file data.cif (mmCIF, C-alpha atoms)
data_target
#
loop_
_atom_site.label_atom_id
_atom_site.label_comp_id
_atom_site.auth_asym_id
_atom_site.auth_seq_id
_atom_site.Cartn_x
_atom_site.Cartn_y
_atom_site.Cartn_z
CA MET A 1259 10.85 48.92 8.97
CA ALA A 1260 11.89 50.76 5.82
CA ALA A 1261 9.05 51.87 3.57
CA THR A 1262 10.35 49.65 0.78
CA SER A 1263 10.47 46.44 2.86
CA ALA A 1264 7.76 43.89 2.24
CA ASN A 1265 5.20 43.86 5.02
CA VAL A 1266 5.28 40.20 6.03
CA GLN A 1267 3.23 38.95 8.98
CA ASN A 1268 2.79 35.29 9.94
CA GLY A 1269 4.77 34.42 6.81
CA VAL A 1270 2.13 36.16 4.68
CA ASN A 1271 3.05 39.06 2.41
CA VAL A 1272 0.39 41.54 3.46
CA ASP A 1273 1.36 43.99 0.69
CA GLN A 1274 0.66 41.28 -1.88
CA LEU A 1275 -2.64 40.48 -0.16
CA VAL A 1276 -3.72 44.12 -0.31
CA GLY A 1277 -2.49 44.33 -3.91
CA THR A 1278 -4.54 41.27 -4.85
CA ILE A 1279 -7.68 42.81 -3.36
CA LYS A 1280 -7.09 46.09 -5.23
CA ALA A 1281 -6.40 44.27 -8.50
CA ILE A 1282 -9.68 42.32 -8.22
CA GLU A 1283 -11.60 45.48 -7.36
CA GLY A 1284 -10.28 46.94 -10.60
CA ARG A 1285 -10.78 43.82 -12.72
CA PRO A 1286 -13.31 41.40 -11.18
CA ASP A 1287 -12.58 38.55 -13.63
CA LEU A 1288 -9.16 38.09 -11.99
CA ALA A 1289 -11.05 36.44 -9.11
CA ASN A 1290 -12.16 33.48 -11.24
CA PHE A 1291 -10.19 30.35 -10.40
CA ARG A 1292 -10.59 26.86 -11.80
CA PHE A 1293 -8.93 23.95 -9.97
CA ARG A 1294 -8.40 20.47 -11.42
CA SER A 1295 -7.46 16.90 -10.58
CA THR A 1296 -6.95 13.57 -12.33
CA SER A 1297 -7.26 10.24 -10.59
CA ARG A 1298 -6.55 6.63 -11.48
CA TRP A 1299 -7.71 3.48 -9.75
CA ASP A 1300 -4.86 1.20 -8.62
CA GLY A 1301 -6.80 -1.95 -7.69
CA GLY A 1302 -9.05 -2.73 -4.73
CA ALA A 1303 -9.74 0.41 -2.72
CA ARG A 1304 -6.53 2.05 -3.87
CA GLY A 1305 -6.11 4.96 -6.23
CA HIS A 1306 -4.05 8.08 -6.66
CA THR A 1307 -4.95 11.63 -7.59
CA THR A 1308 -2.58 14.05 -9.29
CA ILE A 1309 -2.94 17.82 -9.01
CA LYS A 1310 -0.93 20.41 -10.87
CA SER A 1311 -2.48 22.90 -13.26
CA PHE A 1312 -5.08 25.52 -12.47
CA PHE A 1313 -6.46 28.69 -13.97
CA GLY A 1314 -6.53 31.88 -11.95
CA ALA A 1315 -5.81 35.61 -11.95
CA GLY A 1316 -6.67 35.79 -15.63
CA GLN A 1317 -4.36 33.09 -16.91
CA GLU A 1318 -3.29 29.48 -16.81
CA ASP A 1319 -0.90 29.25 -13.86
CA THR A 1320 2.44 27.65 -14.74
CA SER A 1321 4.30 28.19 -11.48
CA ARG A 1322 4.13 24.57 -10.38
CA LYS A 1323 6.94 22.50 -11.81
CA LEU A 1324 5.91 19.21 -10.22
CA GLU A 1325 2.56 17.55 -9.75
CA TYR A 1326 1.27 16.55 -6.33
CA VAL A 1327 0.16 12.97 -5.79
CA LEU A 1328 -2.46 12.09 -3.16
CA GLU A 1329 -3.00 8.39 -2.56
CA GLY A 1330 -6.24 6.86 -1.41
CA ASP A 1331 -7.18 3.57 0.23
CA GLU A 1332 -9.50 2.22 2.92
CA PRO A 1333 -8.73 0.45 6.20
CA PRO A 1334 -9.17 -3.35 6.26
CA VAL A 1335 -12.56 -3.05 8.02
CA LEU A 1336 -13.69 -1.17 4.89
CA LEU A 1337 -12.05 -3.73 2.54
CA GLY A 1338 -8.81 -1.87 1.95
CA THR A 1339 -5.16 -2.26 2.91
CA ASN A 1340 -4.43 0.87 4.99
CA ALA A 1341 -2.12 2.30 2.33
CA ALA A 1342 -3.54 5.82 2.60
CA PRO A 1343 -6.39 7.86 4.10
CA ASN A 1344 -9.84 7.47 2.57
CA GLY A 1345 -12.09 10.05 0.96
CA VAL A 1346 -13.98 11.30 3.99
CA GLU A 1347 -10.77 11.61 6.01
CA THR A 1348 -9.34 13.62 3.13
CA VAL A 1349 -12.32 15.99 3.41
CA LEU A 1350 -11.20 16.72 6.98
CA ALA A 1351 -7.67 17.45 5.74
CA ALA A 1352 -9.08 19.76 3.06
CA LEU A 1353 -11.10 21.65 5.65
CA SER A 1354 -8.03 21.92 7.90
CA LYS A 1355 -5.92 23.42 5.13
CA CYS A 1356 -8.62 25.91 4.26
CA LEU A 1357 -9.47 27.01 7.80
CA THR A 1358 -5.75 27.52 8.42
CA VAL A 1359 -5.34 29.98 5.54
CA SER A 1360 -8.73 31.57 6.28
CA PHE A 1361 -7.54 32.39 9.79
CA ILE A 1362 -3.89 33.26 9.13
CA TYR A 1363 -4.37 35.68 6.22
CA PRO A 1364 -6.91 37.96 7.92
CA ALA A 1365 -4.85 37.83 11.13
CA ALA A 1366 -1.80 38.94 9.15
CA ALA A 1367 -3.79 41.73 7.51
CA GLN A 1368 -4.78 42.98 10.97
CA GLY A 1369 -1.19 42.83 12.23
CA ILE A 1370 -1.88 40.02 14.67
CA LYS A 1371 1.09 37.74 15.21
CA VAL A 1372 0.00 34.11 15.43
CA GLU A 1373 2.32 31.79 17.33
CA SER A 1374 0.47 28.53 16.76
CA LEU A 1375 -2.78 27.33 15.21
CA GLU A 1376 -4.10 23.81 15.50
CA TYR A 1377 -7.37 22.20 14.47
CA THR A 1378 -8.71 18.86 15.58
CA MET A 1379 -11.68 17.53 13.69
CA GLU A 1380 -14.03 14.60 13.85
CA GLY A 1381 -16.97 13.64 11.72
CA ASP A 1382 -19.61 10.93 11.78
CA VAL A 1383 -20.53 8.65 8.90
CA ASP A 1384 -23.22 5.96 9.03
CA LEU A 1385 -22.42 3.13 6.59
CA HIS A 1386 -26.12 2.41 6.05
CA GLY A 1387 -25.92 5.13 3.39
CA PHE A 1388 -22.85 3.92 1.50
CA LEU A 1389 -24.01 0.30 1.62
CA HIS A 1390 -27.49 1.36 0.52
CA LEU A 1391 -29.08 -0.41 3.48
CA SER A 1392 -31.39 2.51 4.23
CA ASP A 1393 -32.84 5.35 2.20
CA LYS A 1394 -33.20 7.39 5.38
CA VAL A 1395 -29.48 7.61 6.13
CA ARG A 1396 -27.32 9.97 4.13
CA PRO A 1397 -24.08 8.46 2.81
CA GLY A 1398 -21.94 11.46 3.74
CA PHE A 1399 -20.87 13.20 6.91
CA GLN A 1400 -23.78 13.64 9.29
CA ASN A 1401 -21.82 16.35 11.06
CA ILE A 1402 -18.28 17.62 11.54
CA ARG A 1403 -16.93 19.10 14.76
CA VAL A 1404 -13.89 21.36 14.64
CA THR A 1405 -11.91 22.52 17.66
CA ALA A 1406 -9.35 25.29 17.22
CA ARG A 1407 -6.40 25.99 19.49
CA VAL A 1408 -4.74 29.35 18.91
CA LYS A 1409 -1.82 31.20 20.47
CA ALA A 1410 -1.52 34.79 19.29
CA ASN A 1411 -0.70 38.29 20.59
CA ALA A 1412 -4.36 39.20 20.84
CA PRO A 1413 -7.09 38.89 23.49
CA ARG A 1414 -9.37 35.89 23.34
CA ALA A 1415 -12.26 38.01 22.04
CA LYS A 1416 -10.18 39.06 19.02
CA ILE A 1417 -9.12 35.46 18.36
CA GLN A 1418 -12.76 34.43 18.63
CA GLU A 1419 -13.66 37.16 16.13
CA LEU A 1420 -10.95 36.04 13.69
CA LEU A 1421 -12.14 32.44 13.96
CA ALA A 1422 -15.72 33.48 13.28
CA TYR A 1423 -14.52 35.47 10.26
CA ALA A 1424 -12.54 32.45 8.99
CA THR A 1425 -15.72 30.36 9.09
CA THR A 1426 -17.56 32.88 6.92
CA VAL A 1427 -14.92 33.13 4.18
CA SER A 1428 -13.42 29.61 4.12
CA PRO A 1429 -14.05 28.10 0.65
CA VAL A 1430 -14.01 24.51 1.91
CA LEU A 1431 -16.23 25.21 4.91
CA ASP A 1432 -18.77 26.86 2.58
CA THR A 1433 -18.41 23.91 0.21
CA LEU A 1434 -19.40 21.58 3.07
CA ARG A 1435 -22.09 23.68 4.71
CA ASN A 1436 -23.90 24.63 1.52
CA PRO A 1437 -24.89 22.53 -1.50
CA VAL A 1438 -22.48 22.38 -4.45
CA PRO A 1439 -23.83 21.32 -7.85
CA VAL A 1440 -21.72 18.36 -9.00
CA THR A 1441 -22.14 16.80 -12.43
CA VAL A 1442 -20.76 13.32 -13.14
CA GLU A 1443 -20.54 12.20 -16.76
CA LEU A 1444 -19.25 9.08 -18.45
CA GLN A 1445 -16.96 9.86 -21.34
CA MET B 1330 -12.94 -21.80 -7.73
CA ALA B 1331 -13.04 -23.94 -4.60
CA ALA B 1332 -15.82 -23.11 -2.19
CA THR B 1333 -13.29 -22.11 0.45
CA SER B 1334 -11.41 -19.62 -1.75
CA ALA B 1335 -12.07 -15.97 -1.12
CA ASN B 1336 -14.23 -14.42 -3.81
CA VAL B 1337 -12.04 -11.51 -4.90
CA GLN B 1338 -13.07 -9.25 -7.78
CA ASN B 1339 -11.25 -6.02 -8.76
CA GLY B 1340 -9.04 -6.54 -5.73
CA VAL B 1341 -12.11 -6.40 -3.48
CA ASN B 1342 -13.00 -9.30 -1.20
CA VAL B 1343 -16.67 -9.71 -2.10
CA ASP B 1344 -17.23 -12.27 0.65
CA GLN B 1345 -16.10 -9.72 3.20
CA LEU B 1346 -18.33 -7.09 1.60
CA VAL B 1347 -21.36 -9.38 1.84
CA GLY B 1348 -20.34 -10.31 5.38
CA THR B 1349 -20.14 -6.64 6.37
CA ILE B 1350 -23.63 -6.00 5.03
CA LYS B 1351 -25.03 -8.99 6.91
CA ALA B 1352 -23.27 -7.99 10.12
CA ILE B 1353 -24.76 -4.48 9.94
CA GLU B 1354 -28.21 -5.85 9.20
CA GLY B 1355 -27.91 -7.86 12.41
CA ARG B 1356 -26.37 -5.08 14.49
CA PRO B 1357 -27.02 -1.61 13.02
CA ASP B 1358 -24.64 0.21 15.41
CA LEU B 1359 -21.70 -1.44 13.64
CA ALA B 1360 -22.34 1.05 10.81
CA ASN B 1361 -21.38 4.05 12.94
CA PHE B 1362 -17.97 5.41 11.99
CA ARG B 1363 -16.15 8.44 13.36
CA PHE B 1364 -13.16 9.80 11.44
CA ARG B 1365 -10.60 12.26 12.82
CA SER B 1366 -7.76 14.57 11.90
CA THR B 1367 -5.30 16.93 13.58
CA SER B 1368 -3.63 19.81 11.81
CA ARG B 1369 -0.88 22.28 12.63
CA TRP B 1370 0.00 25.53 10.91
CA ASP B 1371 3.61 25.67 9.63
CA GLY B 1372 3.88 29.38 8.74
CA GLY B 1373 2.45 31.37 5.85
CA ALA B 1374 -0.07 29.28 3.91
CA ARG B 1375 1.56 26.03 4.97
CA GLY B 1376 0.26 23.40 7.34
CA HIS B 1377 0.08 19.68 7.74
CA THR B 1378 -2.72 17.35 8.75
CA THR B 1379 -2.20 13.98 10.38
CA ILE B 1380 -4.74 11.17 10.16
CA LYS B 1381 -4.60 7.86 11.98
CA SER B 1382 -7.24 6.76 14.45
CA PHE B 1383 -10.91 6.21 13.80
CA PHE B 1384 -13.85 4.47 15.40
CA GLY B 1385 -15.88 1.98 13.41
CA ALA B 1386 -17.53 -1.43 13.43
CA GLY B 1387 -18.19 -1.11 17.14
CA GLN B 1388 -14.68 -0.34 18.30
CA GLU B 1389 -11.65 1.91 18.12
CA ASP B 1390 -9.74 0.70 15.08
CA THR B 1391 -6.08 -0.01 15.81
CA SER B 1392 -5.03 -1.51 12.50
CA ARG B 1393 -3.03 1.52 11.35
CA LYS B 1394 0.50 1.48 12.65
CA LEU B 1395 1.58 4.77 11.07
CA GLU B 1396 -0.15 8.10 10.69
CA TYR B 1397 -0.71 9.71 7.31
CA VAL B 1398 0.52 13.25 6.77
CA LEU B 1399 -1.16 15.55 4.24
CA GLU B 1400 0.59 18.84 3.61
CA GLY B 1401 -1.15 22.02 2.55
CA ASP B 1402 -0.01 25.25 0.92
CA GLU B 1403 -1.16 27.75 -1.70
CA PRO B 1404 0.40 28.76 -5.03
CA PRO B 1405 2.30 32.08 -5.11
CA VAL B 1406 -0.65 33.87 -6.74
CA LEU B 1407 -2.57 32.99 -3.55
CA LEU B 1408 0.35 34.05 -1.30
CA GLY B 1409 1.86 30.60 -0.80
CA THR B 1410 4.99 28.76 -1.90
CA ASN B 1411 3.64 25.85 -3.98
CA ALA B 1412 4.75 23.28 -1.40
CA ALA B 1413 1.49 21.30 -1.56
CA PRO B 1414 -2.07 21.40 -2.92
CA ASN B 1415 -4.55 23.74 -1.28
CA GLY B 1416 -7.82 22.97 0.46
CA VAL B 1417 -10.20 23.13 -2.49
CA GLU B 1418 -7.90 21.00 -4.62
CA THR B 1419 -7.83 18.50 -1.77
CA VAL B 1420 -11.63 18.39 -1.90
CA LEU B 1421 -11.32 17.17 -5.51
CA ALA B 1422 -8.87 14.47 -4.39
CA ALA B 1423 -11.27 13.41 -1.64
CA LEU B 1424 -14.12 13.13 -4.13
CA SER B 1425 -11.89 11.12 -6.49
CA LYS B 1426 -11.01 8.62 -3.78
CA CYS B 1427 -14.61 8.22 -2.78
CA LEU B 1428 -16.08 7.88 -6.27
CA THR B 1429 -13.43 5.27 -7.01
CA VAL B 1430 -14.46 3.02 -4.13
CA SER B 1431 -18.14 3.76 -4.72
CA PHE B 1432 -17.81 2.45 -8.27
CA ILE B 1433 -15.38 -0.44 -7.74
CA TYR B 1434 -17.11 -2.12 -4.79
CA PRO B 1435 -20.57 -2.43 -6.36
CA ALA B 1436 -18.95 -3.51 -9.65
CA ALA B 1437 -17.10 -6.25 -7.77
CA ALA B 1438 -20.29 -7.33 -6.01
CA GLN B 1439 -21.95 -7.71 -9.42
CA GLY B 1440 -19.04 -9.70 -10.82
CA ILE B 1441 -17.99 -7.00 -13.26
CA LYS B 1442 -14.28 -6.93 -13.94
CA VAL B 1443 -12.99 -3.37 -14.17
CA GLU B 1444 -9.83 -2.86 -16.17
CA SER B 1445 -9.35 0.84 -15.59
CA LEU B 1446 -11.18 3.73 -13.92
CA GLU B 1447 -10.16 7.35 -14.21
CA TYR B 1448 -11.78 10.58 -13.08
CA THR B 1449 -10.90 14.07 -14.18
CA MET B 1450 -12.43 16.91 -12.19
CA GLU B 1451 -12.57 20.64 -12.31
CA GLY B 1452 -14.29 23.14 -10.07
CA ASP B 1453 -14.78 26.89 -10.07
CA VAL B 1454 -14.07 29.24 -7.19
CA ASP B 1455 -14.62 33.01 -7.25
CA LEU B 1456 -12.21 34.78 -4.87
CA HIS B 1457 -14.73 37.55 -4.21
CA GLY B 1458 -16.08 35.21 -1.54
CA PHE B 1459 -12.83 34.32 0.22
CA LEU B 1460 -11.61 37.93 0.10
CA HIS B 1461 -14.99 39.14 1.37
CA LEU B 1462 -15.33 41.56 -1.57
CA SER B 1463 -18.94 40.58 -2.20
CA ASP B 1464 -21.73 39.15 -0.08
CA LYS B 1465 -23.34 37.74 -3.21
CA VAL B 1466 -20.51 35.38 -4.11
CA ARG B 1467 -20.12 32.16 -2.16
CA PRO B 1468 -16.56 31.43 -0.98
CA GLY B 1469 -16.68 27.75 -1.94
CA PHE B 1470 -16.97 25.76 -5.14
CA GLN B 1471 -19.66 27.17 -7.39
CA ASN B 1472 -19.77 23.85 -9.20
CA ILE B 1473 -17.71 20.72 -9.79
CA ARG B 1474 -17.62 18.76 -13.06
CA VAL B 1475 -16.52 15.14 -13.01
CA THR B 1476 -15.74 13.08 -16.10
CA ALA B 1477 -15.31 9.32 -15.72
CA ARG B 1478 -13.44 7.01 -18.09
CA VAL B 1479 -14.09 3.32 -17.52
CA LYS B 1480 -12.92 0.12 -19.16
CA ALA B 1481 -14.78 -2.96 -17.95
CA ASN B 1482 -16.23 -6.22 -19.21
CA ALA B 1483 -19.73 -4.79 -19.35
CA PRO B 1484 -21.83 -2.88 -21.89
CA ARG B 1485 -21.86 0.90 -21.70
CA ALA B 1486 -25.39 0.89 -20.27
CA LYS B 1487 -24.24 -1.23 -17.30
CA ILE B 1488 -21.22 1.02 -16.73
CA GLN B 1489 -23.53 4.03 -16.88
CA GLU B 1490 -25.79 2.34 -14.31
CA LEU B 1491 -22.86 1.60 -11.99
CA LEU B 1492 -21.67 5.19 -12.27
CA ALA B 1493 -25.15 6.48 -11.44
CA TYR B 1494 -25.26 4.14 -8.43
CA ALA B 1495 -21.83 5.37 -7.28
CA THR B 1496 -23.13 8.94 -7.29
CA THR B 1497 -26.03 7.99 -5.01
CA VAL B 1498 -23.95 6.18 -2.38
CA SER B 1499 -20.66 8.11 -2.40
CA PRO B 1500 -20.14 9.64 1.04
CA VAL B 1501 -18.00 12.51 -0.24
CA LEU B 1502 -20.33 13.33 -3.14
CA ASP B 1503 -23.26 13.48 -0.72
CA THR B 1504 -21.12 15.61 1.62
CA LEU B 1505 -20.64 18.11 -1.23
CA ARG B 1506 -24.11 18.04 -2.75
CA ASN B 1507 -26.01 18.32 0.52
CA PRO B 1508 -25.42 20.55 3.54
CA VAL B 1509 -23.31 19.20 6.39
CA PRO B 1510 -23.63 20.81 9.83
CA VAL B 1511 -20.14 21.92 10.86
CA THR B 1512 -19.40 23.38 14.29
CA VAL B 1513 -16.20 25.35 14.90
CA GLU B 1514 -15.22 26.07 18.49
CA LEU B 1515 -12.28 27.79 20.08
CA GLN B 1516 -10.79 25.77 22.91
#
call {"tool": "encode", "arguments": {"input": "data.cif", "output": "structure tokens"}}
result
Amino acid sequence: MAATSANVQNGVNVDQLVGTIKAIEGRPDLANFRFRSTSRWDGGARGHTTIKSFFGAGQEDTSRKLEYVLEGDEPPVLLGTNAAPNGVETVLAALSKCLTVSFIYPAAAQGIKVESLEYTMEGDVDLHGFLHLSDKVRPGFQNIRVTARVKANAPRAKIQELLAYATTVSPVLDTLRNPVPVTVELQ
Amino acid sequence: MAATSANVQNGVNVDQLVGTIKAIEGRPDLANFRFRSTSRWDGGARGHTTIKSFFGAGQEDTSRKLEYVLEGDEPPVLLGTNAAPNGVETVLAALSKCLTVSFIYPAAAQGIKVESLEYTMEGDVDLHGFLHLSDKVRPGFQNIRVTARVKANAPRAKIQELLAYATTVSPVLDTLRNPVPVTVELQ
């Protein structure tokens, strides 16, 4: 590889990753990101959330030309119409996205070529909480179990180490494992 | 309204809601739900999560004929290609979905007609955590701020009360505010 070629591994530009780390070491405020969403109810259990703008790396990011739309609904047994996944299912998708990046980027930085990465997840919810039928049952996930399947040019111990690292740095996993202060205000 | 008509408010079948509560009071195990997802990495920061099956109300639910696909990516500043929202943004969408249902269902049960419901959210993430540049900075959301806008045939105090109730029963809000045990295993 020529010295001027970008060092890309697993589809990740490792030079940019290293550059980002150096930039933040020099100017810590570049690490501050603020993500946003707007949602509207569409009747019954249905609604849609739009995501576009965010602040990060010291400025309002304008690279996205289109907004993303995520629809929500419930299955009929939960009074919906099966138009879209519900909130707790969407938490599992969020965790999947995050654990993917949290594994792939460090693997790329270490020069490990990943062939495939798959996560299956399941989580338990007891409706006694949501329906307010018991004060002893939490409304949210009681637990979440994640199983990873990885093919990569590294021994199992190294893959195990990368997976353990991913679980320590994953923003969504930390968001789930540790309390997040959430304020809810009526405008 | 004839006695045999379904009692539908805000698009929610209140008779079914009351029936669900009574069924669970008679047979508590019906409240146990298990949600699932499967995700595959698609190169770089990209991946997709599929959601379909779940267990609930005492059986494997087979009402969904198609699976939902949620794509993930990062913006270029986070080494992605802007193909889809990232994990932490998807957490905001999950919370939006959940707070929508958690407000609309109890409002329907109380006979309050909701005209519109909108949430805007923002949350702060400090990349020092994800990039492992500091042990003192958590990788996940440091905080999330939710603003609700509601139009309904009820005084502001009642809307405020419904919003406060939603925050106590919302499964995703509880999942964020309180720790969830998450296990991650390599197959």
call {"tool": "closest_residue", "arguments": {"input": "data.cif", "among": "B:Ile1473, B:Leu1407, B:Ala1495, B:Ile1350", "to": "Pro1439 (chain A)", "atoms": "only C-alpha atoms"}}
result
B:Ile1473
call {"tool": "resolve_selection", "arguments": {"input": "data.cif", "expression": "the PyMOL selection byres ((chain A and resi 1435) around 12)", "output": "MDAnalysis selection string"}}
result
(chainID A and resid 1353 1399:1402 1425:1434 1436:1438) or (chainID B and resid 1467:1470 1503:1513)
call {"tool": "closest_residue", "arguments": {"input": "data.cif", "among": "B:Val1466, B:Ala1438, B:Ala1374, B:Leu1395", "to": "chain A", "atoms": "only C-alpha atoms"}}
result
B:Ala1374
call {"tool": "atom_distance", "arguments": {"input": "data.cif", "atom1": "CA of Thr1378 (chain B)", "atom2": "CA of Glu1376 (chain A)"}}
result
9.4 Å
call {"tool": "atom_distance", "arguments": {"input": "data.cif", "atom1": "CA of Phe1432 (chain B)", "atom2": "CA of Tyr1494 (chain B)"}}
result
7.6 Å
call {"tool": "atom_distance", "arguments": {"input": "data.cif", "atom1": "CA of Thr1358 (chain A)", "atom2": "CA of Ala1413 (chain B)"}}
result
13.8 Å
call {"tool": "closest_residue", "arguments": {"input": "data.cif", "among": "A:Val1383, A:Ala1366, A:Ala1410, A:Val1372", "to": "Gln1274 (chain A)", "atoms": "all atoms listed in the file"}}
result
A:Ala1366
call {"tool": "resolve_selection", "arguments": {"input": "data.cif", "expression": "the PyMOL selection byres ((chain A and resi 1340) around 12)", "output": "list in words"}}
result
Gly1302, Ala1303, Arg1304, Glu1329, Gly1330, Asp1331, Glu1332, Pro1333, Pro1334, Val1335, Leu1336, Leu1337, Gly1338, Thr1339, Ala1341, Ala1342, Pro1343 and Asn1344 of chain A; Ile1380, Lys1381, Ser1382, Asp1390, Thr1391, Ser1392, Arg1393, Lys1394, Leu1395, Glu1396 and Tyr1397 of chain B
call {"tool": "write_last_selection", "arguments": {"input": "data.cif", "atoms": "C-alpha atoms", "output": "PDB file, keeping the file's coordinate frame"}}
result
ATOM      1  CA  GLY A1302      -9.050  -2.730  -4.730  1.00  0.00           C
ATOM      2  CA  ALA A1303      -9.740   0.410  -2.720  1.00  0.00           C
ATOM      3  CA  ARG A1304      -6.530   2.050  -3.870  1.00  0.00           C
ATOM      4  CA  GLU A1329      -3.000   8.390  -2.560  1.00  0.00           C
ATOM      5  CA  GLY A1330      -6.240   6.860  -1.410  1.00  0.00           C
ATOM      6  CA  ASP A1331      -7.180   3.570   0.230  1.00  0.00           C
ATOM      7  CA  GLU A1332      -9.500   2.220   2.920  1.00  0.00           C
ATOM      8  CA  PRO A1333      -8.730   0.450   6.200  1.00  0.00           C
ATOM      9  CA  PRO A1334      -9.170  -3.350   6.260  1.00  0.00           C
ATOM     10  CA  VAL A1335     -12.560  -3.050   8.020  1.00  0.00           C
ATOM     11  CA  LEU A1336     -13.690  -1.170   4.890  1.00  0.00           C
ATOM     12  CA  LEU A1337     -12.050  -3.730   2.540  1.00  0.00           C
ATOM     13  CA  GLY A1338      -8.810  -1.870   1.950  1.00  0.00           C
ATOM     14  CA  THR A1339      -5.160  -2.260   2.910  1.00  0.00           C
ATOM     15  CA  ALA A1341      -2.120   2.300   2.330  1.00  0.00           C
ATOM     16  CA  ALA A1342      -3.540   5.820   2.600  1.00  0.00           C
ATOM     17  CA  PRO A1343      -6.390   7.860   4.100  1.00  0.00           C
ATOM     18  CA  ASN A1344      -9.840   7.470   2.570  1.00  0.00           C
TER      19      ASN A1344
ATOM     20  CA  ILE B1380      -4.740  11.170  10.160  1.00  0.00           C
ATOM     21  CA  LYS B1381      -4.600   7.860  11.980  1.00  0.00           C
ATOM     22  CA  SER B1382      -7.240   6.760  14.450  1.00  0.00           C
ATOM     23  CA  ASP B1390      -9.740   0.700  15.080  1.00  0.00           C
ATOM     24  CA  THR B1391      -6.080  -0.010  15.810  1.00  0.00           C
ATOM     25  CA  SER B1392      -5.030  -1.510  12.500  1.00  0.00           C
ATOM     26  CA  ARG B1393      -3.030   1.520  11.350  1.00  0.00           C
ATOM     27  CA  LYS B1394       0.500   1.480  12.650  1.00  0.00           C
ATOM     28  CA  LEU B1395       1.580   4.770  11.070  1.00  0.00           C
ATOM     29  CA  GLU B1396      -0.150   8.100  10.690  1.00  0.00           C
ATOM     30  CA  TYR B1397      -0.710   9.710   7.310  1.00  0.00           C
TER      31      TYR B1397
END
call {"tool": "residues_around", "arguments": {"input": "data.cif", "residues": "Ala1352 (chain B)", "least_positions_apart": "5", "cutoff": "12 Å", "atoms": "all atoms listed in the file", "output": "PyMOL selection string"}}
result
(chain A and resi 1335+1385-1386+1389+1391) or (chain B and resi 1345-1347+1357-1360+1386-1387)
call {"tool": "write_last_selection", "arguments": {"input": "data.cif", "atoms": "C-alpha atoms", "output": "JSON list (two decimals), in the coordinates of the input"}}
result
[["chain", "number", "residue", "atom", "x", "y", "z"],
["A", 1335, "VAL", "CA", -12.56, -3.05, 8.02],
["A", 1385, "LEU", "CA", -22.42, 3.13, 6.59],
["A", 1386, "HIS", "CA", -26.12, 2.41, 6.05],
["A", 1389, "LEU", "CA", -24.01, 0.30, 1.62],
["A", 1391, "LEU", "CA", -29.08, -0.41, 3.48],
["B", 1345, "GLN", "CA", -16.10, -9.72, 3.20],
["B", 1346, "LEU", "CA", -18.33, -7.09, 1.60],
["B", 1347, "VAL", "CA", -21.36, -9.38, 1.84],
["B", 1357, "PRO", "CA", -27.02, -1.61, 13.02],
["B", 1358, "ASP", "CA", -24.64, 0.21, 15.41],
["B", 1359, "LEU", "CA", -21.70, -1.44, 13.64],
["B", 1360, "ALA", "CA", -22.34, 1.05, 10.81],
["B", 1386, "ALA", "CA", -17.53, -1.43, 13.43],
["B", 1387, "GLY", "CA", -18.19, -1.11, 17.14]]
call {"tool": "closest_atom_pairs", "arguments": {"input": "data.cif", "of": "region 1281-1371 of chain A", "to": "region 1413-1421 of chain A", "cutoff": "12 Å", "atoms": "only C-alpha atoms", "output": "tab-separated table"}}
result
residue	atom	partner	partner_atom	distance
A:Leu1357	CA	A:Leu1421	CA	8.6
A:Thr1358	CA	A:Leu1421	CA	9.8
A:Val1359	CA	A:Leu1421	CA	11.1
A:Ser1360	CA	A:Leu1421	CA	8.4
A:Phe1361	CA	A:Leu1421	CA	6.2
A:Ile1362	CA	A:Leu1420	CA	8.9
A:Tyr1363	CA	A:Leu1420	CA	10.0
A:Pro1364	CA	A:Leu1420	CA	7.3
A:Ala1365	CA	A:Leu1420	CA	6.9
A:Ala1366	CA	A:Leu1420	CA	10.6
A:Ala1367	CA	A:Leu1420	CA	11.0
A:Gln1368	CA	A:Leu1420	CA	9.7
A:Gly1369	CA	A:Lys1416	CA	11.9
A:Ile1370	CA	A:Ile1417	CA	9.3
A:Lys1371	CA	A:Ile1417	CA	10.9
call {"tool": "residues_around", "arguments": {"input": "data.cif", "residues": "Ala1351 (chain A)", "least_positions_apart": "4", "cutoff": "8 Å", "atoms": "all atoms listed in the file", "output": "PDB file with C-alpha atoms, keeping the file's coordinate frame"}}
result
ATOM      1  CA  GLU A1347     -10.770  11.610   6.010  1.00  0.00           C
ATOM      2  CA  LYS A1355      -5.920  23.420   5.130  1.00  0.00           C
TER       3      LYS A1355
ATOM      4  CA  SER B1366      -7.760  14.570  11.900  1.00  0.00           C
ATOM      5  CA  SER B1368      -3.630  19.810  11.810  1.00  0.00           C
ATOM      6  CA  THR B1378      -2.720  17.350   8.750  1.00  0.00           C
ATOM      7  CA  THR B1379      -2.200  13.980  10.380  1.00  0.00           C
ATOM      8  CA  LEU B1399      -1.160  15.550   4.240  1.00  0.00           C
ATOM      9  CA  GLY B1416      -7.820  22.970   0.460  1.00  0.00           C
ATOM     10  CA  THR B1419      -7.830  18.500  -1.770  1.00  0.00           C
TER      11      THR B1419
END
call {"tool": "axis_aligned_box", "arguments": {"input": "data.cif", "around": "region 1391-1401 of chain A", "padding_each_side": "5 Å", "output": "lines of an AutoDock Vina configuration file"}}
result
center_x = -27.0
center_y = 8.0
center_z = 6.6
size_x = 22.3
size_y = 26.8
size_z = 18.9
call {"tool": "resolve_selection", "arguments": {"input": "data.cif", "expression": "the PyMOL selection byres ((chain B and resi 1369) around 8)", "output": "PyMOL selection string"}}
result
(chain A and resi 1374-1377) or (chain B and resi 1367-1368+1370-1371+1376-1378)
call {"tool": "closest_residue", "arguments": {"input": "data.cif", "among": "A:Val1272, A:Ala1264, A:Cys1356, A:Ala1412", "to": "chain B", "atoms": "all atoms listed in the file"}}
result
A:Cys1356
